[in-house]
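This is start-v8.txt. It holds compact mmCIF, C-alpha atoms.
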```txt
# COMPACT_ATOMS: atom_id res chain seq x y z
CA ASP W 1 280.69 203.31 105.59
CA VAL W 2 280.36 205.43 102.51
CA LYS W 3 283.22 205.12 100.13
CA VAL W 4 284.08 207.96 97.78
CA THR W 5 286.72 207.03 95.26
CA GLN W 6 288.69 209.44 93.14
CA SER W 7 290.41 207.85 90.19
CA SER W 8 293.86 209.41 90.59
CA ARG W 9 295.88 210.57 93.59
CA TYR W 10 298.45 212.49 91.55
CA LEU W 11 298.15 213.89 88.05
CA VAL W 12 300.46 215.99 85.93
CA LYS W 13 299.03 217.64 82.81
CA ARG W 14 300.21 220.18 80.30
CA THR W 15 298.71 223.62 79.81
CA GLY W 16 295.84 223.46 77.34
CA GLU W 17 295.08 219.78 77.88
CA LYS W 18 291.55 218.61 78.62
CA VAL W 19 291.52 216.94 82.03
CA PHE W 20 288.92 214.59 83.50
CA LEU W 21 288.73 213.95 87.23
CA GLU W 22 286.46 211.08 88.14
CA CYS W 23 284.62 210.49 91.39
CA VAL W 24 282.48 207.50 92.34
CA GLN W 25 280.43 206.93 95.50
CA ASP W 26 278.91 203.64 96.51
CA MET W 27 275.98 204.65 98.73
CA ASP W 28 273.37 205.92 96.30
CA HIS W 29 273.72 209.50 97.57
CA GLU W 30 271.98 212.14 95.55
CA ASN W 31 274.29 215.04 96.36
CA MET W 32 277.86 215.21 95.16
CA PHE W 33 280.38 218.03 95.16
CA TRP W 34 283.71 219.10 93.76
CA TYR W 35 286.01 221.33 95.78
CA ARG W 36 289.52 222.59 95.32
CA GLN W 37 291.80 223.25 98.24
CA ASP W 38 294.64 225.75 98.19
CA PRO W 39 296.91 226.88 101.04
CA GLY W 40 295.42 229.76 103.02
CA LEU W 41 292.17 229.66 101.05
CA GLY W 42 290.59 226.52 102.39
CA LEU W 43 288.16 224.47 100.37
CA ARG W 44 286.22 226.27 97.68
CA LEU W 45 283.18 224.83 95.95
CA ILE W 46 283.50 224.45 92.18
CA TYR W 47 280.29 222.62 91.25
CA PHE W 48 277.73 220.41 92.86
CA SER W 49 274.99 218.09 91.72
CA TYR W 50 271.82 217.09 93.55
CA ASP W 51 270.62 214.53 91.04
CA VAL W 52 271.51 212.77 87.82
CA LYS W 53 272.00 215.25 84.98
CA MET W 54 271.55 218.16 87.41
CA LYS W 55 274.38 220.54 88.21
CA GLU W 56 274.80 223.84 89.97
CA LYS W 57 277.69 226.27 89.93
CA GLY W 58 279.57 226.77 93.12
CA ASP W 59 281.75 229.72 94.04
CA ILE W 60 284.50 229.25 91.47
CA PRO W 61 283.11 227.46 88.40
CA GLU W 62 285.12 229.35 85.78
CA GLY W 63 287.31 227.08 83.72
CA TYR W 64 285.49 223.94 84.87
CA SER W 65 282.51 221.87 83.84
CA VAL W 66 280.93 218.74 85.29
CA SER W 67 279.04 215.69 84.20
CA ARG W 68 276.61 213.50 86.14
CA GLU W 69 275.28 210.82 83.81
CA LYS W 70 274.88 208.22 86.54
CA LYS W 71 274.02 208.70 90.18
CA GLU W 72 277.22 207.21 91.49
CA ARG W 73 279.61 209.13 89.26
CA PHE W 74 280.39 212.84 89.20
CA SER W 75 283.11 214.03 86.86
CA LEU W 76 284.99 217.30 86.89
CA ILE W 77 286.33 218.54 83.56
CA LEU W 78 288.99 221.13 82.96
CA GLU W 79 288.33 222.14 79.37
CA SER W 80 291.77 223.66 78.83
CA ALA W 81 294.02 223.25 81.84
CA SER W 82 295.95 226.27 83.05
CA THR W 83 298.70 226.60 85.63
CA ASN W 84 296.37 228.40 88.06
CA GLN W 85 294.32 225.19 88.21
CA THR W 86 297.17 223.42 89.94
CA SER W 87 295.54 222.39 93.18
CA MET W 88 294.20 219.60 95.34
CA TYR W 89 290.76 218.54 94.10
CA LEU W 90 288.36 216.88 96.51
CA CYS W 91 285.12 215.16 95.66
CA ALA W 92 282.47 214.75 98.35
CA SER W 93 279.19 212.95 98.77
CA LEU W 94 276.45 214.01 101.16
CA ARG W 95 274.25 211.99 103.42
CA GLN W 96 271.65 214.24 105.02
CA ASN W 97 272.30 214.94 108.70
CA TYR W 98 275.50 212.91 108.64
CA GLY W 99 277.79 215.34 106.93
CA TYR W 100 280.02 214.91 103.95
CA THR W 101 282.35 212.09 103.06
CA PHE W 102 285.34 213.09 101.00
CA GLY W 103 287.39 211.17 98.52
CA SER W 104 291.10 210.98 99.12
CA GLY W 105 291.79 213.82 96.71
CA THR W 106 293.59 214.33 93.44
CA ARG W 107 296.66 216.51 93.48
CA LEU W 108 296.76 218.04 90.01
CA THR W 109 299.81 219.83 88.68
CA VAL W 110 299.52 221.75 85.41
CA VAL W 111 302.84 222.51 83.79
CA ARG Z 1 284.68 239.16 103.88
CA LYS Z 2 285.18 235.40 103.98
CA GLU Z 3 282.15 233.33 104.92
CA VAL Z 4 284.09 231.39 107.52
CA GLU Z 5 287.20 232.70 109.25
CA GLN Z 6 289.62 230.85 111.45
CA ASP Z 7 292.87 231.66 113.20
CA PRO Z 8 295.36 229.65 111.15
CA GLY Z 9 297.60 229.06 114.16
CA PRO Z 10 299.74 227.10 114.53
CA PHE Z 11 298.89 226.19 118.08
CA ASN Z 12 301.89 224.36 119.53
CA VAL Z 13 300.98 222.63 122.77
CA PRO Z 14 302.57 219.97 124.99
CA GLU Z 15 300.96 216.60 125.44
CA GLY Z 16 298.26 216.71 128.07
CA ALA Z 17 297.49 220.39 127.56
CA THR Z 18 294.13 221.88 126.70
CA VAL Z 19 293.83 223.82 123.47
CA ALA Z 20 290.85 225.80 122.22
CA PHE Z 21 290.14 227.85 119.15
CA ASN Z 22 287.21 229.53 117.46
CA CYS Z 23 285.85 230.25 114.09
CA THR Z 24 283.41 232.95 113.00
CA TYR Z 25 280.85 232.80 110.22
CA SER Z 26 279.19 235.64 108.37
CA ASN Z 27 275.82 234.26 107.28
CA SER Z 28 273.33 234.33 110.13
CA ALA Z 29 271.05 231.96 108.19
CA SER Z 30 273.60 229.14 108.43
CA GLN Z 31 271.93 225.95 109.53
CA SER Z 32 274.48 223.32 110.42
CA PHE Z 33 277.98 223.42 111.83
CA PHE Z 34 280.79 220.91 111.84
CA TRP Z 35 284.40 220.46 112.74
CA TYR Z 36 286.46 218.43 110.30
CA ARG Z 37 289.97 217.17 110.85
CA GLN Z 38 292.51 217.05 108.06
CA ASP Z 39 295.86 215.33 108.30
CA CYS Z 40 298.73 216.37 106.08
CA ARG Z 41 298.03 215.45 102.45
CA LYS Z 42 294.84 213.62 103.37
CA GLU Z 43 291.19 214.37 102.85
CA PRO Z 44 289.09 216.11 105.52
CA LYS Z 45 287.19 213.78 107.83
CA LEU Z 46 284.24 214.64 109.99
CA LEU Z 47 285.31 215.10 113.60
CA MET Z 48 281.99 216.18 115.04
CA SER Z 49 278.82 218.07 114.37
CA VAL Z 50 278.15 221.12 116.52
CA TYR Z 51 274.77 221.46 118.17
CA SER Z 52 273.15 224.55 119.61
CA SER Z 53 273.40 223.26 123.17
CA GLY Z 54 277.05 222.35 122.78
CA ASN Z 55 278.27 218.79 122.65
CA GLU Z 56 281.12 216.60 123.72
CA ASP Z 57 282.80 213.64 122.13
CA GLY Z 58 285.42 212.21 124.43
CA ARG Z 59 288.16 214.81 124.83
CA PHE Z 60 286.57 217.15 122.29
CA THR Z 61 283.98 219.79 123.14
CA ALA Z 62 282.24 221.94 120.57
CA GLN Z 63 280.18 225.03 121.25
CA LEU Z 64 277.96 227.17 119.06
CA ASN Z 65 277.10 230.79 119.73
CA ARG Z 66 274.50 231.88 117.20
CA ALA Z 67 274.15 235.40 118.60
CA SER Z 68 277.83 236.13 118.05
CA GLN Z 69 278.11 233.78 115.08
CA TYR Z 70 281.02 231.68 116.20
CA ILE Z 71 281.76 228.09 116.98
CA SER Z 72 284.56 226.74 119.10
CA LEU Z 73 286.47 223.54 119.58
CA LEU Z 74 288.25 222.55 122.77
CA ILE Z 75 290.60 219.60 123.02
CA ARG Z 76 291.42 218.32 126.50
CA ASP Z 77 294.37 216.15 127.46
CA SER Z 78 295.99 216.59 124.03
CA LYS Z 79 297.59 213.57 122.41
CA LEU Z 80 300.34 213.50 119.80
CA SER Z 81 297.76 212.04 117.44
CA ASP Z 82 295.65 215.19 117.72
CA SER Z 83 298.20 217.04 115.58
CA ALA Z 84 296.27 218.05 112.49
CA THR Z 85 294.49 220.92 110.82
CA TYR Z 86 290.98 221.50 112.09
CA LEU Z 87 288.49 222.89 109.60
CA CYS Z 88 285.45 224.82 110.67
CA VAL Z 89 282.53 224.09 108.36
CA VAL Z 90 279.22 225.90 108.07
CA SER Z 91 276.29 224.67 106.05
CA LEU Z 92 273.33 226.37 104.41
CA ASP Z 93 271.01 224.07 102.48
CA TYR Z 94 273.38 221.71 100.68
CA LYS Z 95 276.30 224.05 100.51
CA LEU Z 96 279.25 223.81 102.85
CA SER Z 97 281.56 226.73 103.48
CA PHE Z 98 284.97 225.93 104.89
CA GLY Z 99 287.39 227.89 106.97
CA ALA Z 100 291.01 227.71 105.91
CA GLY Z 101 291.82 225.65 108.98
CA THR Z 102 293.58 225.91 112.32
CA THR Z 103 296.78 223.92 112.66
CA VAL Z 104 297.44 222.20 115.96
CA THR Z 105 300.76 220.59 116.78
CA VAL Z 106 301.04 218.54 119.95
CA ARG Z 107 304.61 217.95 121.11
CA ALA Z 108 305.95 215.27 123.43
```
Now, as a test, write the supplied structure out as structure tokens.
Amino acid sequence: DVKVTQSSRYLVKRTGEKVFLECVQDMDHENMFWYRQDPGLGLRLIYFSYDVKMKEKGDIPEGYSVSREKKERFSLILESASTNQTSMYLCASLRQNYGYTFGSGTRLTVV
Amino acid sequence: RKEVEQDPGPFNVPEGATVAFNCTYSNSASQSFFWYRQDCRKEPKLLMSVYSSGNEDGRFTAQLNRASQYISLLIRDSKLSDSATYLCVVSLDYKLSFGAGTTVTVRA
């Protein structure tokens, strides 16, 4: 089974801090994704990457950036955290025709 | 208009009951369809893919209606363990679009 590991389950950061959320998958998948999930809004795509050093904006990229230096690792960066970025962040990895596997999520609170 | 819309519920049903709910999608070019299950404070997990001819997985039946652009999920003989939020997911190329989820609560 694919394993997608997110480095932190819970994180509390201050407004203005730079925040790194790390995601690692162990199955050599090319496609990786970052979503945020908020009540009533469902999951919304922030960024995705289909190969090393490649990235594409999703639906809500503002205030975020990403890094994919190695195939197994896809990092989400909040350049200057704000309270409206308090959310559950989910990383996912894609195996074609088999759907997505999600990490266990990082619940980020910005105070 | 949201790309994927679901009735948020909650659907409160007794054990053993049948419960069914739909979701609609706006992009007629959508290629793949899934139902994911999400337990409270956990990540979504794939429940089943949805095929054009409809498909069954044990007590779960999924249907796709491309003409009307909706998919459905039916759960027969509900168990307490079926209590969860069910996310409708629609895919175009590599991008997934998620509904906000339908909450099902099965009571003893």
Margin query: Would you compute the distance between atom CA of W:Gly105 and atom CA of W:Met88? Give it in Å to one decimal.
Written below: 6.4 Å
Notebook entry, point to check: In Å, how far is it from atom CA of W:Gly42 to atom CA of Z:Cys88?
Noted result: 9.9 Å
Notebook entry, point to check: Mind listing as a list of chain:residue names which residues of chain W are within 6 Å of chain Z, counting all atoms listed in the file?
Noted result: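 Matching residues, ligands excluded from the count: W:Gly40, W:Leu41, W:Gly42, W:Leu43, W:Ser104.
Using only C-alpha atoms, the shortest contact distance between Z:Leu73 and any of Z:Asn22, Z:Ser52, Z:Thr102, Z:Ser28 is found at Z:Asn22.
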Check: Quick one: residues within 7 Å of W:Gly63, all atoms listed in the file counted, chain neighbours fewer than 2 positions away excluded, as a list in words?
Finding: Pro61, Leu78 and Glu79 of chain W
Convert the current residue selection to file output with C-alpha atoms, as an mmCIF file, in the frame of the given file.
```cif
data_model
loop_
_atom_site.group_PDB
_atom_site.id
_atom_site.type_symbol
_atom_site.label_atom_id
_atom_site.label_comp_id
_atom_site.auth_asym_id
_atom_site.auth_seq_id
_atom_site.Cartn_x
_atom_site.Cartn_y
_atom_site.Cartn_z
ATOM 1 C CA PRO W 61 283.110 227.460 88.400
ATOM 2 C CA LEU W 78 288.990 221.130 82.960
ATOM 3 C CA GLU W 79 288.330 222.140 79.370
#
```
Next item on the list: Mind giving me the straight-line distance from atom CA of Z:Tyr70 to atom CA of Z:Gln6 in Å, one decimal?
Entry: 9.9 Å
Notebook entry, point to check: With all atoms listed in the file as the basis for distance, which of W:Asn31, W:Ser7, W:Val19, W:Asp51 is at the shortest distance from W:Thr101?
Noted result: W:Asn31
Note to self: Counting all atoms listed in the file, find residues at most 10 Å from (273.4, 206.6, 88.3) (file frame) and give them as a list of chain:residue names.
What the structure shows: W:Val24, W:Asp28, W:His29, W:Glu30, W:Asp51, W:Val52, W:Lys53, W:Arg68, W:Glu69, W:Lys70, W:Lys71, W:Glu72, W:Arg73, W:Phe74
Next item on the list: Write out as a list in words the residues lying within 10 Å of Z:Leu80, counting all atoms listed in the file and excluding same-chain residues fewer than 3 positions away.
Entry: Val13, Pro14, Glu15, Gly16, Ser83, Ala84, Val104, Thr105, Val106, Arg107 and Ala108 of chain Z
List as an mmCIF file with C-alpha atoms, in the frame of the given file the protein and nucleic acid residues near W:Cys91, meaning an atom at most 10 Å away when only C-alpha atoms are counted, but skip any in the same chain fewer than 6 places from it.
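Here's the written file selection.cif:
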```
data_model
loop_
_atom_site.group_PDB
_atom_site.id
_atom_site.type_symbol
_atom_site.label_atom_id
_atom_site.label_comp_id
_atom_site.auth_asym_id
_atom_site.auth_seq_id
_atom_site.Cartn_x
_atom_site.Cartn_y
_atom_site.Cartn_z
ATOM 1 C CA VAL W 4 284.080 207.960 97.780
ATOM 2 C CA THR W 5 286.720 207.030 95.260
ATOM 3 C CA GLN W 6 288.690 209.440 93.140
ATOM 4 C CA LEU W 21 288.730 213.950 87.230
ATOM 5 C CA GLU W 22 286.460 211.080 88.140
ATOM 6 C CA CYS W 23 284.620 210.490 91.390
ATOM 7 C CA VAL W 24 282.480 207.500 92.340
ATOM 8 C CA GLN W 25 280.430 206.930 95.500
ATOM 9 C CA MET W 32 277.860 215.210 95.160
ATOM 10 C CA PHE W 33 280.380 218.030 95.160
ATOM 11 C CA TRP W 34 283.710 219.100 93.760
ATOM 12 C CA TYR W 35 286.010 221.330 95.780
ATOM 13 C CA ARG W 36 289.520 222.590 95.320
ATOM 14 C CA LEU W 45 283.180 224.830 95.950
ATOM 15 C CA TYR W 47 280.290 222.620 91.250
ATOM 16 C CA PHE W 48 277.730 220.410 92.860
ATOM 17 C CA PHE W 74 280.390 212.840 89.200
ATOM 18 C CA SER W 75 283.110 214.030 86.860
ATOM 19 C CA LEU W 76 284.990 217.300 86.890
ATOM 20 C CA TYR W 100 280.020 214.910 103.950
ATOM 21 C CA THR W 101 282.350 212.090 103.060
ATOM 22 C CA PHE W 102 285.340 213.090 101.000
ATOM 23 C CA GLY W 103 287.390 211.170 98.520
ATOM 24 C CA SER W 104 291.100 210.980 99.120
ATOM 25 C CA GLY W 105 291.790 213.820 96.710
ATOM 26 C CA THR W 106 293.590 214.330 93.440
ATOM 27 C CA GLU Z 43 291.190 214.370 102.850
#
```
Check: Which polymer residues have any atom within 10 Å of an atom of Z:Ala17, counting all atoms listed in the file, with same-chain residues fewer than 6 positions away left out, as a list in words?
Finding: Ile75, Arg76, Asp77, Ser78, Lys79, Val106 and Arg107 of chain Z
Note to self: For a quick check of understanding, using only C-alpha atoms, which of Z:Gln69, Z:Gln38, Z:Thr103, Z:Asn55 has the smallest distance to Z:Thr24?
What the structure shows: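 Under the stated criterion, the closest residue is Z:Gln69.
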